[in-house]
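S.K.: Contents are TSV, C-alpha atoms; file name structure_3.tsv:
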```tsv
chain	number	residue	atom	x	y	z
A	1166	MET	CA	11.13	7.95	-0.69
A	1167	VAL	CA	8.68	7.90	-3.58
A	1168	LEU	CA	6.26	5.63	-1.66
A	1169	PRO	CA	6.96	6.45	1.99
A	1170	LEU	CA	4.20	4.19	3.36
A	1171	GLU	CA	5.49	1.11	1.55
A	1172	ASP	CA	8.40	-1.14	2.48
A	1173	ARG	CA	11.71	0.69	2.08
A	1174	GLU	CA	13.14	-1.82	-0.41
A	1175	VAL	CA	10.00	-1.59	-2.57
A	1176	SER	CA	10.17	2.20	-2.60
A	1177	GLN	CA	13.86	2.14	-3.52
A	1178	GLU	CA	13.23	-0.36	-6.33
A	1179	LEU	CA	10.42	1.79	-7.76
A	1180	GLU	CA	12.66	4.85	-7.74
A	1181	ARG	CA	15.37	2.91	-9.59
A	1182	ALA	CA	12.80	1.71	-12.13
A	1183	LEU	CA	11.60	5.27	-12.76
A	1184	ILE	CA	15.16	6.50	-13.20
A	1185	ARG	CA	15.87	3.71	-15.70
A	1186	ARG	CA	12.94	5.05	-17.74
A	1187	GLY	CA	14.54	8.47	-17.85
A	1188	ILE	CA	12.34	9.98	-15.15
A	1189	ARG	CA	13.99	12.39	-12.78
A	1190	VAL	CA	12.88	11.85	-9.19
A	1191	MET	CA	12.94	14.67	-6.61
A	1192	THR	CA	11.60	13.79	-3.17
A	1193	LYS	CA	10.97	16.14	-0.24
A	1194	ALA	CA	10.74	18.97	-2.76
A	1195	CYS	CA	8.34	21.90	-2.82
A	1196	PHE	CA	7.30	24.75	-5.08
A	1197	GLN	CA	5.30	27.95	-4.84
A	1198	PRO	CA	1.97	27.60	-6.69
A	1199	THR	CA	1.82	31.36	-7.17
A	1200	ALA	CA	5.13	31.25	-9.04
A	1201	VAL	CA	3.95	28.77	-11.70
A	1202	ARG	CA	3.95	30.27	-15.18
A	1203	THR	CA	2.23	28.81	-18.24
A	1204	THR	CA	2.51	29.46	-21.96
A	1205	ASP	CA	0.83	27.96	-25.01
A	1206	HIS	CA	3.61	25.38	-25.13
A	1207	ASP	CA	4.70	24.52	-21.60
A	1208	VAL	CA	4.54	25.16	-17.87
A	1209	CYS	CA	7.40	26.59	-15.84
A	1210	LEU	CA	8.00	26.42	-12.10
A	1211	MET	CA	10.76	26.69	-9.54
A	1212	VAL	CA	11.21	23.54	-7.47
A	1213	GLY	CA	13.73	22.05	-5.07
A	1214	PRO	CA	14.27	20.44	-1.65
A	1215	GLU	CA	12.84	22.46	1.20
A	1216	GLY	CA	15.37	24.94	2.57
A	1217	LYS	CA	17.70	24.60	-0.41
A	1218	PRO	CA	18.06	26.60	-3.65
A	1219	GLN	CA	15.36	25.89	-6.22
A	1220	GLU	CA	15.81	25.35	-9.92
A	1221	GLN	CA	13.63	26.02	-12.92
A	1222	ILE	CA	11.70	23.11	-14.37
A	1223	ARG	CA	9.84	23.22	-17.69
A	1224	ALA	CA	7.38	20.59	-18.83
A	1225	GLU	CA	4.44	20.07	-21.17
A	1226	ARG	CA	2.06	19.28	-18.31
A	1227	LEU	CA	1.92	19.72	-14.54
A	1228	LEU	CA	-0.06	17.19	-12.50
A	1229	VAL	CA	-0.73	17.93	-8.84
A	1230	ALA	CA	-1.95	14.93	-6.81
A	1231	LYS	CA	-2.29	16.05	-3.21
A	1232	GLY	CA	-4.55	13.32	-1.82
A	1233	ARG	CA	-8.13	13.16	-0.66
A	1234	ALA	CA	-10.19	14.95	1.94
A	1235	GLY	CA	-13.52	13.81	3.34
A	1236	ASN	CA	-16.60	16.03	3.05
A	1237	VAL	CA	-17.37	16.65	6.71
A	1238	GLU	CA	-18.30	20.33	6.63
A	1239	ASP	CA	-21.88	21.64	6.81
A	1240	ILE	CA	-23.55	18.23	7.13
A	1241	GLY	CA	-24.81	18.68	10.67
A	1242	LEU	CA	-22.11	16.85	12.60
A	1243	GLU	CA	-21.87	19.77	15.02
A	1244	THR	CA	-25.29	18.84	16.38
A	1245	THR	CA	-24.10	15.33	17.31
A	1246	GLU	CA	-21.46	13.72	19.51
A	1247	VAL	CA	-19.45	12.71	16.43
A	1248	GLU	CA	-15.81	13.66	16.91
A	1249	VAL	CA	-13.94	15.25	14.00
A	1250	ASP	CA	-10.18	15.76	14.21
A	1251	ARG	CA	-8.52	17.77	11.43
A	1252	GLY	CA	-11.18	16.79	8.93
A	1253	VAL	CA	-11.28	13.11	9.91
A	1254	VAL	CA	-14.26	11.46	11.61
A	1255	LYS	CA	-13.07	9.33	14.53
A	1256	VAL	CA	-14.40	5.75	14.52
A	1257	ASP	CA	-13.59	2.50	16.30
A	1258	HIS	CA	-12.88	-0.84	14.62
A	1259	GLN	CA	-16.63	-1.45	14.30
A	1260	MET	CA	-16.91	1.82	12.31
A	1261	ARG	CA	-18.91	3.45	15.13
A	1262	THR	CA	-18.54	7.12	15.94
A	1263	ALA	CA	-18.95	8.65	19.39
A	1264	GLU	CA	-22.64	9.07	18.52
A	1265	PRO	CA	-24.07	5.57	19.18
A	1266	HIS	CA	-26.36	5.41	16.14
A	1267	VAL	CA	-23.93	7.05	13.67
A	1268	TYR	CA	-21.40	5.02	11.71
A	1269	ALA	CA	-18.84	6.32	9.20
A	1270	ILE	CA	-16.81	4.71	6.42
A	1271	GLY	CA	-14.53	5.73	3.57
A	1272	ASP	CA	-12.36	8.78	3.08
A	1273	VAL	CA	-13.98	10.69	5.96
A	1274	CYS	CA	-12.34	8.20	8.35
A	1275	GLY	CA	-8.83	8.85	7.07
A	1276	GLY	CA	-6.43	5.91	7.17
A	1277	LEU	CA	-6.26	3.78	4.02
A	1278	GLN	CA	-8.30	5.86	1.58
A	1279	LEU	CA	-8.81	3.06	-0.94
A	1280	ALA	CA	-12.04	1.99	-2.63
A	1281	HIS	CA	-11.78	-1.67	-1.62
A	1282	VAL	CA	-11.01	-0.74	1.99
A	1283	ALA	CA	-14.07	1.52	2.05
A	1284	ALA	CA	-16.11	-1.41	0.71
A	1285	ARG	CA	-14.90	-3.55	3.61
A	1286	GLU	CA	-15.69	-0.74	6.06
A	1287	ARG	CA	-19.18	-0.58	4.54
A	1288	PHE	CA	-19.70	-4.30	5.20
A	1289	VAL	CA	-18.48	-3.97	8.79
A	1290	ALA	CA	-20.73	-0.98	9.44
A	1291	VAL	CA	-23.86	-2.54	7.90
A	1292	VAL	CA	-23.65	-5.87	9.73
A	1293	ASN	CA	-23.01	-4.09	13.01
A	1294	ILE	CA	-25.95	-1.75	12.42
A	1295	ALA	CA	-28.01	-4.91	11.85
A	1296	GLY	CA	-26.91	-6.20	15.27
A	1297	ALA	CA	-24.15	-8.69	14.51
A	1298	ASN	CA	-23.20	-10.76	17.55
A	1299	PRO	CA	-20.29	-10.89	18.01
A	1300	PRO	CA	-19.74	-7.57	16.27
A	1301	GLU	CA	-17.74	-7.43	13.05
A	1302	VAL	CA	-14.44	-5.55	13.20
A	1303	ILE	CA	-11.95	-4.36	10.58
A	1304	ASP	CA	-8.23	-5.10	10.79
A	1305	TYR	CA	-6.35	-2.47	8.81
A	1306	ASP	CA	-3.15	-4.51	8.93
A	1307	HIS	CA	-4.97	-7.07	6.76
A	1308	GLN	CA	-6.16	-4.66	4.07
A	1309	PRO	CA	-4.33	-4.93	0.72
A	1310	ARG	CA	-2.83	-1.84	-0.88
A	1311	ALA	CA	-2.38	-1.33	-4.62
A	1312	THR	CA	-0.38	1.31	-6.49
A	1313	PHE	CA	-0.79	1.35	-10.27
A	1314	THR	CA	2.66	2.55	-11.21
A	1315	ARG	CA	4.94	0.80	-13.69
A	1316	PRO	CA	6.06	-1.54	-12.33
A	1317	GLN	CA	3.04	-2.02	-10.10
A	1318	VAL	CA	3.29	-2.06	-6.31
A	1319	ALA	CA	1.04	-4.11	-4.02
A	1320	SER	CA	1.29	-5.00	-0.36
A	1321	ILE	CA	-0.54	-6.18	2.72
A	1322	GLY	CA	0.43	-6.23	6.37
A	1323	LEU	CA	3.49	-4.81	8.08
A	1324	THR	CA	6.65	-3.53	6.48
A	1325	GLU	CA	10.04	-4.55	7.80
A	1326	GLN	CA	10.37	-1.08	9.31
A	1327	GLN	CA	7.02	-1.37	11.11
A	1328	CYS	CA	8.09	-4.71	12.59
A	1329	GLU	CA	11.19	-3.01	13.96
A	1330	GLU	CA	9.14	-0.13	15.38
A	1331	ARG	CA	6.77	-2.56	17.12
A	1332	GLY	CA	9.61	-4.66	18.49
A	1333	ILE	CA	8.61	-7.76	16.51
A	1334	ALA	CA	11.42	-10.16	15.63
A	1335	ALA	CA	10.87	-11.04	11.97
A	1336	THR	CA	12.49	-12.93	9.14
A	1337	LYS	CA	11.94	-12.34	5.44
A	1338	GLY	CA	12.24	-14.02	2.09
A	1339	ASN	CA	12.77	-12.30	-1.25
A	1340	PHE	CA	12.33	-13.60	-4.79
A	1341	PRO	CA	13.14	-11.58	-7.95
A	1342	PHE	CA	10.78	-11.57	-10.92
A	1343	VAL	CA	13.78	-11.99	-13.23
A	1344	ALA	CA	13.78	-15.63	-12.01
A	1345	ASP	CA	10.02	-16.05	-12.61
A	1346	THR	CA	9.26	-17.78	-15.92
A	1347	LYS	CA	5.98	-15.95	-16.58
A	1348	ALA	CA	7.64	-12.57	-15.96
A	1349	VAL	CA	10.31	-13.52	-18.51
A	1350	ILE	CA	7.61	-14.61	-20.98
A	1351	VAL	CA	5.72	-11.31	-20.77
A	1352	GLY	CA	8.99	-9.36	-20.82
A	1353	GLU	CA	8.51	-7.60	-17.47
A	1354	THR	CA	11.16	-8.79	-15.04
A	1355	GLU	CA	11.60	-5.73	-12.82
A	1356	GLY	CA	10.88	-6.09	-9.15
A	1357	PHE	CA	10.46	-8.84	-6.58
A	1358	ALA	CA	8.17	-10.55	-4.10
A	1359	GLU	CA	8.87	-10.35	-0.37
A	1360	VAL	CA	7.35	-12.25	2.54
A	1361	ILE	CA	7.88	-11.14	6.14
A	1362	ALA	CA	7.14	-13.66	8.88
A	1363	ASP	CA	7.24	-13.75	12.67
A	1364	ALA	CA	10.61	-15.22	13.68
A	1365	LYS	CA	9.00	-17.27	16.47
A	1366	THR	CA	5.69	-18.46	15.02
A	1367	ASP	CA	6.36	-18.21	11.24
A	1368	GLU	CA	2.99	-16.43	10.87
A	1369	ILE	CA	3.04	-14.08	7.88
A	1370	LEU	CA	3.20	-10.44	8.99
A	1371	GLY	CA	3.50	-8.76	5.60
A	1372	ILE	CA	3.66	-9.44	1.88
A	1373	HIS	CA	5.17	-6.91	-0.51
A	1374	PHE	CA	5.37	-6.90	-4.29
A	1375	ILE	CA	6.80	-4.69	-6.96
A	1376	GLY	CA	6.50	-6.05	-10.47
A	1377	PRO	CA	4.11	-7.04	-13.28
A	1378	SER	CA	0.39	-7.36	-12.45
A	1379	VAL	CA	1.09	-7.61	-8.72
A	1380	THR	CA	-2.10	-5.71	-7.90
A	1381	ASP	CA	-3.85	-8.95	-8.96
A	1382	VAL	CA	-1.35	-11.31	-7.33
A	1383	ILE	CA	-1.74	-9.66	-3.89
A	1384	ALA	CA	-5.18	-11.28	-3.58
A	1385	GLU	CA	-3.55	-14.56	-2.53
A	1386	GLY	CA	-1.64	-12.67	0.12
A	1387	ALA	CA	-4.89	-11.21	1.46
A	1388	VAL	CA	-6.41	-14.69	1.79
A	1389	ALA	CA	-3.27	-16.02	3.45
A	1390	MET	CA	-3.18	-13.26	6.04
A	1391	THR	CA	-6.91	-13.47	6.73
A	1392	LEU	CA	-6.42	-17.17	7.51
A	1393	GLU	CA	-3.33	-16.35	9.63
A	1394	ALA	CA	-1.20	-18.58	7.40
A	1395	THR	CA	2.46	-19.20	8.04
A	1396	ALA	CA	5.21	-18.77	5.49
A	1397	SER	CA	5.69	-22.54	5.50
A	1398	GLU	CA	2.02	-23.10	4.66
A	1399	VAL	CA	2.16	-20.72	1.69
A	1400	ALA	CA	5.42	-22.35	0.59
A	1401	ALA	CA	3.75	-25.76	0.75
A	1402	SER	CA	0.89	-24.61	-1.52
A	1403	THR	CA	1.35	-25.64	-5.14
A	1404	HIS	CA	1.41	-22.60	-7.43
A	1405	PRO	CA	0.67	-23.21	-11.12
A	1406	HIS	CA	3.48	-22.81	-13.63
A	1407	PRO	CA	4.23	-20.55	-15.40
A	1408	THR	CA	2.51	-17.81	-13.40
A	1409	LEU	CA	3.50	-14.62	-11.66
A	1410	VAL	CA	2.09	-15.85	-8.35
A	1411	GLU	CA	4.86	-18.46	-8.23
A	1412	ALA	CA	7.02	-15.60	-6.97
A	1413	LEU	CA	4.97	-15.53	-3.77
A	1414	GLY	CA	5.52	-19.23	-3.17
A	1415	GLU	CA	9.24	-18.86	-3.79
A	1416	ALA	CA	9.49	-15.84	-1.48
A	1417	ALA	CA	7.68	-17.83	1.22
A	1418	MET	CA	10.22	-20.65	0.76
A	1419	ALA	CA	13.03	-18.10	1.01
A	1420	VAL	CA	11.94	-17.11	4.53
A	1421	ASP	CA	13.88	-20.11	5.83
A	1422	GLY	CA	16.26	-20.41	2.87
A	1423	ARG	CA	14.43	-23.12	0.90
A	1424	GLN	CA	13.80	-21.21	-2.36
A	1425	ILE	CA	14.37	-23.28	-5.48
A	1426	ASN	CA	14.78	-21.03	-8.49
A	1427	ALA	CA	16.57	-17.92	-7.24
```
Will you turn the file into structure tokens for me?

M.R.:
Amino acid sequence: MVLPLEDREVSQELERALIRRGIRVMTKACFQPTAVRTTDHDVCLMVGPEGKPQEQIRAERLLVAKGRAGNVEDIGLETTEVEVDRGVVKVDHQMRTAEPHVYAIGDVCGGLQLAHVAARERFVAVVNIAGANPPEVIDYDHQPRATFTRPQVASIGLTEQQCEERGIAATKGNFPFVADTKAVIVGETEGFAEVIADAKTDEILGIHFIGPSVTDVIAEGAVAMTLEATASEVAASTHPHPTLVEALGEAAMAVDGRQINA
């Protein structure tokens, strides 16, 4: 999948959107960096699924985005009790390391390596250093994620697959942006909104978007999950019209089959 950490349906929809734009998608593929050849006009490389024959690809540019790594070398951690595992500093949910007076935040902690998550980790660490009672903790299931593709992807909470893995019975509601008036107005109707709720309590477990400006819209989802809102409560909230965030309200209604405009 193109976004393996996101909900499967979101990842599949993004791949379809890329293909519609004439982009060829090859997942689980690899290439030999030493075999890359460049000229004044293009770059050439051999690429293909691992273990299968490779083919030649030519392009104007080659972008390699391999992720982030924290700077944990040669900063004196070896003289402390701080535990480092494969380049990641181990912390608890209060951002404390194994060294009582040392806290860590950001990319060095691994996990969700996002600027806004690091900002939240910073807050948790600082108030705990100041002696917060009870101590502040971070819940990574309640941290929003944003991917600035086209269409955009944004999510918070558990995916449907994670609910299955954790043995949580869940229901979901889905609402397409093609039925959202504002999406039609701005001419960007790809994608959908999805709400996943606990089948017993109706508490929202995850919210997933793919579509126009959803990296802004996910903010309402973050508030809802922080307040432990149910799908029914979000559905009962009046969403202004015409707006993109109406899709969230409709998806929440769809959890128990009460959507209006789909």

S.K.: Quick one: contact table of region 1286-1333 of chain A to region 1168-1188 of chain A, 10 Å max, nearest atom pair and distance in Å to one decimal per residue, counting only C-alpha atoms, chain and number order, as a Markdown table?

M.R.:
```
| residue | atom | partner | partner_atom | distance |
| --- | --- | --- | --- | --- |
| A:Arg1310 | CA | A:Glu1171 | CA | 9.2 |
| A:Thr1312 | CA | A:Leu1168 | CA | 9.3 |
| A:Thr1314 | CA | A:Leu1179 | CA | 8.5 |
| A:Arg1315 | CA | A:Ala1182 | CA | 8.1 |
| A:Pro1316 | CA | A:Leu1179 | CA | 7.1 |
| A:Gln1317 | CA | A:Leu1179 | CA | 8.6 |
| A:Val1318 | CA | A:Val1175 | CA | 7.7 |
| A:Ala1319 | CA | A:Glu1171 | CA | 8.8 |
| A:Ser1320 | CA | A:Glu1171 | CA | 7.7 |
| A:Ile1321 | CA | A:Glu1171 | CA | 9.5 |
| A:Leu1323 | CA | A:Asp1172 | CA | 8.3 |
| A:Thr1324 | CA | A:Asp1172 | CA | 5.0 |
| A:Glu1325 | CA | A:Asp1172 | CA | 6.5 |
| A:Gln1326 | CA | A:Asp1172 | CA | 7.1 |
| A:Gln1327 | CA | A:Asp1172 | CA | 8.7 |
```

S.K.: What separation in Å, quoted to one decimal, exists between CA of Ala1417 (chain A) and CA of Glu1359 (chain A)?

M.R.: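 CA of Glu1359 (chain A) lies at a distance of 7.7 Å from CA of Ala1417 (chain A).
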
S.K.: Distance CA of Val1349 (chain A)-CA of Thr1336 (chain A), one decimal place?

M.R.: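 Between CA of Val1349 (chain A) and CA of Thr1336 (chain A) the gap is 27.7 Å.
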
S.K.: Within 10 Å of region 1302-1307 of chain A, counting all atoms listed in the file, which residues qualify if same-chain residues fewer than 2 places away don't, as a PyMOL selection string?

M.R.: chain A and resi 1257-1260+1276-1277+1282+1285-1286+1288-1290+1292-1293+1299-1300+1309-1310+1320-1323+1370-1371+1386-1391+1393

S.K.: Choose the residue, out of A:Val1254, A:Ile1270, A:Ala1362, A:Phe1374, that has the smallest atom-to-atom separation from Ile1333 (chain A); count only C-alpha atoms.

M.R.: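 Of A:Val1254, A:Ile1270, A:Ala1362, A:Phe1374, the one nearest Ile1333 (chain A) is A:Ala1362, counting only C-alpha atoms.
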
S.K.: As an mmCIF file with C-alpha atoms, in the coordinates of the input, please: the residues near Phe1342 (chain A) (cut-off 9 Å, all atoms listed in the file, same-chain neighbours under 5 positions excluded).

M.R.:
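So out_21.cif came out as:
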```
data_model
loop_
_atom_site.group_PDB
_atom_site.id
_atom_site.type_symbol
_atom_site.label_atom_id
_atom_site.label_comp_id
_atom_site.auth_asym_id
_atom_site.auth_seq_id
_atom_site.Cartn_x
_atom_site.Cartn_y
_atom_site.Cartn_z
ATOM 1 C CA LYS A 1347 5.980 -15.950 -16.580
ATOM 2 C CA ALA A 1348 7.640 -12.570 -15.960
ATOM 3 C CA VAL A 1349 10.310 -13.520 -18.510
ATOM 4 C CA GLU A 1353 8.510 -7.600 -17.470
ATOM 5 C CA THR A 1354 11.160 -8.790 -15.040
ATOM 6 C CA GLU A 1355 11.600 -5.730 -12.820
ATOM 7 C CA GLY A 1356 10.880 -6.090 -9.150
ATOM 8 C CA PHE A 1357 10.460 -8.840 -6.580
ATOM 9 C CA ALA A 1358 8.170 -10.550 -4.100
ATOM 10 C CA ILE A 1375 6.800 -4.690 -6.960
ATOM 11 C CA GLY A 1376 6.500 -6.050 -10.470
ATOM 12 C CA PRO A 1377 4.110 -7.040 -13.280
ATOM 13 C CA LEU A 1409 3.500 -14.620 -11.660
ATOM 14 C CA ALA A 1412 7.020 -15.600 -6.970
#
```

S.K.: Using all atoms listed in the file, which protein or nucleic acid residues come within 12 Å of Asp1205 (chain A)? Drop anything in the same chain fewer than 2 positions from it, and give the result as JSON, numbers by chain.

M.R.: {"A": [1202, 1203, 1207, 1208, 1209, 1224, 1225, 1226]}

S.K.: Quick one, how far is CA of Val1410 (chain A) from CA of Val1382 (chain A)?

M.R.: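 These two atoms are separated by 5.8 Å.
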
S.K.: With distances taken over all atoms listed in the file, which residue among A:Cys1328, A:Met1211, A:Ala1311, A:Ala1401 lies nearest Ser1378 (chain A)?

M.R.: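 For Ser1378 (chain A), the nearest of the candidates is A:Ala1311.
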
S.K.: Show which residues sit within 7 Å of Ala1419 (chain A), as a list in words. Count all atoms listed in the file, and ignore same-chain residues fewer than 5 positions away.

M.R.: Gly1338, Asn1339 and Gln1424 of chain A

S.K.: Show me that you can extract region 1256-1342 of chain A, keeping C-alpha atoms, and write it as a PDB file, in the first residue's frame.

M.R.:
```
ATOM      1  CA  VAL A1256      10.497   6.900  27.025  1.00  0.00           C
ATOM      2  CA  ASP A1257       7.272   6.322  28.927  1.00  0.00           C
ATOM      3  CA  HIS A1258       3.993   8.184  28.376  1.00  0.00           C
ATOM      4  CA  GLN A1259       5.277  11.026  30.562  1.00  0.00           C
ATOM      5  CA  MET A1260       8.266  11.409  28.187  1.00  0.00           C
ATOM      6  CA  ARG A1261      10.673  10.207  30.906  1.00  0.00           C
ATOM      7  CA  THR A1262      13.707   8.124  30.061  1.00  0.00           C
ATOM      8  CA  ALA A1263      15.257   5.508  32.335  1.00  0.00           C
ATOM      9  CA  GLU A1264      17.411   8.321  33.740  1.00  0.00           C
ATOM     10  CA  PRO A1265      15.037  10.030  36.229  1.00  0.00           C
ATOM     11  CA  HIS A1266      15.997  13.619  35.406  1.00  0.00           C
ATOM     12  CA  VAL A1267      16.247  13.154  31.613  1.00  0.00           C
ATOM     13  CA  TYR A1268      13.233  13.574  29.345  1.00  0.00           C
ATOM     14  CA  ALA A1269      13.122  13.172  25.555  1.00  0.00           C
ATOM     15  CA  ILE A1270      10.725  14.322  22.842  1.00  0.00           C
ATOM     16  CA  GLY A1271      10.499  14.421  19.064  1.00  0.00           C
ATOM     17  CA  ASP A1272      12.118  12.275  16.408  1.00  0.00           C
ATOM     18  CA  VAL A1273      14.584  10.693  18.842  1.00  0.00           C
ATOM     19  CA  CYS A1274      11.622   8.898  20.460  1.00  0.00           C
ATOM     20  CA  GLY A1275      10.481   7.272  17.222  1.00  0.00           C
ATOM     21  CA  GLY A1276       6.755   6.701  16.846  1.00  0.00           C
ATOM     22  CA  LEU A1277       4.794   9.477  15.133  1.00  0.00           C
ATOM     23  CA  GLN A1278       7.589  11.711  13.870  1.00  0.00           C
ATOM     24  CA  LEU A1279       5.378  14.739  13.242  1.00  0.00           C
ATOM     25  CA  ALA A1280       5.996  18.347  14.273  1.00  0.00           C
ATOM     26  CA  HIS A1281       2.674  18.787  16.068  1.00  0.00           C
ATOM     27  CA  VAL A1282       3.128  15.510  17.954  1.00  0.00           C
ATOM     28  CA  ALA A1283       6.582  16.645  19.061  1.00  0.00           C
ATOM     29  CA  ALA A1284       5.003  19.901  20.254  1.00  0.00           C
ATOM     30  CA  ARG A1285       2.560  17.912  22.379  1.00  0.00           C
ATOM     31  CA  GLU A1286       5.408  15.764  23.712  1.00  0.00           C
ATOM     32  CA  ARG A1287       7.231  18.986  24.619  1.00  0.00           C
ATOM     33  CA  PHE A1288       4.237  20.190  26.638  1.00  0.00           C
ATOM     34  CA  VAL A1289       3.941  16.850  28.447  1.00  0.00           C
ATOM     35  CA  ALA A1290       7.657  16.805  29.266  1.00  0.00           C
ATOM     36  CA  VAL A1291       7.792  20.417  30.501  1.00  0.00           C
ATOM     37  CA  VAL A1292       4.793  20.217  32.825  1.00  0.00           C
ATOM     38  CA  ASN A1293       6.054  16.949  34.268  1.00  0.00           C
ATOM     39  CA  ILE A1294       9.518  18.415  34.807  1.00  0.00           C
ATOM     40  CA  ALA A1295       7.742  21.242  36.653  1.00  0.00           C
ATOM     41  CA  GLY A1296       6.106  18.671  38.940  1.00  0.00           C
ATOM     42  CA  ALA A1297       2.581  18.288  37.560  1.00  0.00           C
ATOM     43  CA  ASN A1298       0.317  16.341  39.926  1.00  0.00           C
ATOM     44  CA  PRO A1299      -1.201  14.207  38.582  1.00  0.00           C
ATOM     45  CA  PRO A1300       1.438  13.858  35.874  1.00  0.00           C
ATOM     46  CA  GLU A1301       0.575  14.706  32.277  1.00  0.00           C
ATOM     47  CA  VAL A1302       0.623  11.814  29.808  1.00  0.00           C
ATOM     48  CA  ILE A1303       0.444  11.565  26.021  1.00  0.00           C
ATOM     49  CA  ASP A1304      -1.995   9.287  24.217  1.00  0.00           C
ATOM     50  CA  TYR A1305      -0.610   8.496  20.779  1.00  0.00           C
ATOM     51  CA  ASP A1306      -3.948   7.072  19.647  1.00  0.00           C
ATOM     52  CA  HIS A1307      -5.318  10.614  19.979  1.00  0.00           C
ATOM     53  CA  GLN A1308      -2.647  12.363  17.908  1.00  0.00           C
ATOM     54  CA  PRO A1309      -3.775  13.552  14.452  1.00  0.00           C
ATOM     55  CA  ARG A1310      -1.806  12.577  11.363  1.00  0.00           C
ATOM     56  CA  ALA A1311      -1.590  14.649   8.182  1.00  0.00           C
ATOM     57  CA  THR A1312      -0.254  13.694   4.756  1.00  0.00           C
ATOM     58  CA  PHE A1313      -0.041  16.511   2.207  1.00  0.00           C
ATOM     59  CA  THR A1314      -0.668  14.499  -0.925  1.00  0.00           C
ATOM     60  CA  ARG A1315      -3.307  15.336  -3.520  1.00  0.00           C
ATOM     61  CA  PRO A1316      -5.897  14.515  -2.410  1.00  0.00           C
ATOM     62  CA  GLN A1317      -4.840  15.122   1.178  1.00  0.00           C
ATOM     63  CA  VAL A1318      -4.984  12.398   3.825  1.00  0.00           C
ATOM     64  CA  ALA A1319      -5.674  13.016   7.518  1.00  0.00           C
ATOM     65  CA  SER A1320      -6.565  10.692  10.359  1.00  0.00           C
ATOM     66  CA  ILE A1321      -6.695  10.190  14.092  1.00  0.00           C
ATOM     67  CA  GLY A1322      -7.198   7.112  16.219  1.00  0.00           C
ATOM     68  CA  LEU A1323      -7.428   3.479  15.190  1.00  0.00           C
ATOM     69  CA  THR A1324      -7.847   2.077  11.718  1.00  0.00           C
ATOM     70  CA  GLU A1325     -10.367  -0.641  11.015  1.00  0.00           C
ATOM     71  CA  GLN A1326      -7.488  -3.114  10.783  1.00  0.00           C
ATOM     72  CA  GLN A1327      -6.119  -2.064  14.184  1.00  0.00           C
ATOM     73  CA  CYS A1328      -9.548  -2.578  15.746  1.00  0.00           C
ATOM     74  CA  GLU A1329      -9.556  -6.107  14.349  1.00  0.00           C
ATOM     75  CA  GLU A1330      -6.045  -6.768  15.654  1.00  0.00           C
ATOM     76  CA  ARG A1331      -7.014  -5.565  19.141  1.00  0.00           C
ATOM     77  CA  GLY A1332     -10.217  -7.577  19.160  1.00  0.00           C
ATOM     78  CA  ILE A1333     -12.456  -4.502  19.325  1.00  0.00           C
ATOM     79  CA  ALA A1334     -15.913  -4.860  17.807  1.00  0.00           C
ATOM     80  CA  ALA A1335     -16.437  -1.716  15.743  1.00  0.00           C
ATOM     81  CA  THR A1336     -18.886  -0.170  13.329  1.00  0.00           C
ATOM     82  CA  LYS A1337     -18.116   2.484  10.734  1.00  0.00           C
ATOM     83  CA  GLY A1338     -19.751   5.157   8.658  1.00  0.00           C
ATOM     84  CA  ASN A1339     -18.515   6.476   5.323  1.00  0.00           C
ATOM     85  CA  PHE A1340     -19.452   9.622   3.404  1.00  0.00           C
ATOM     86  CA  PRO A1341     -18.086  10.523  -0.062  1.00  0.00           C
ATOM     87  CA  PHE A1342     -16.953  14.061  -0.852  1.00  0.00           C
TER      88      PHE A1342
END
```
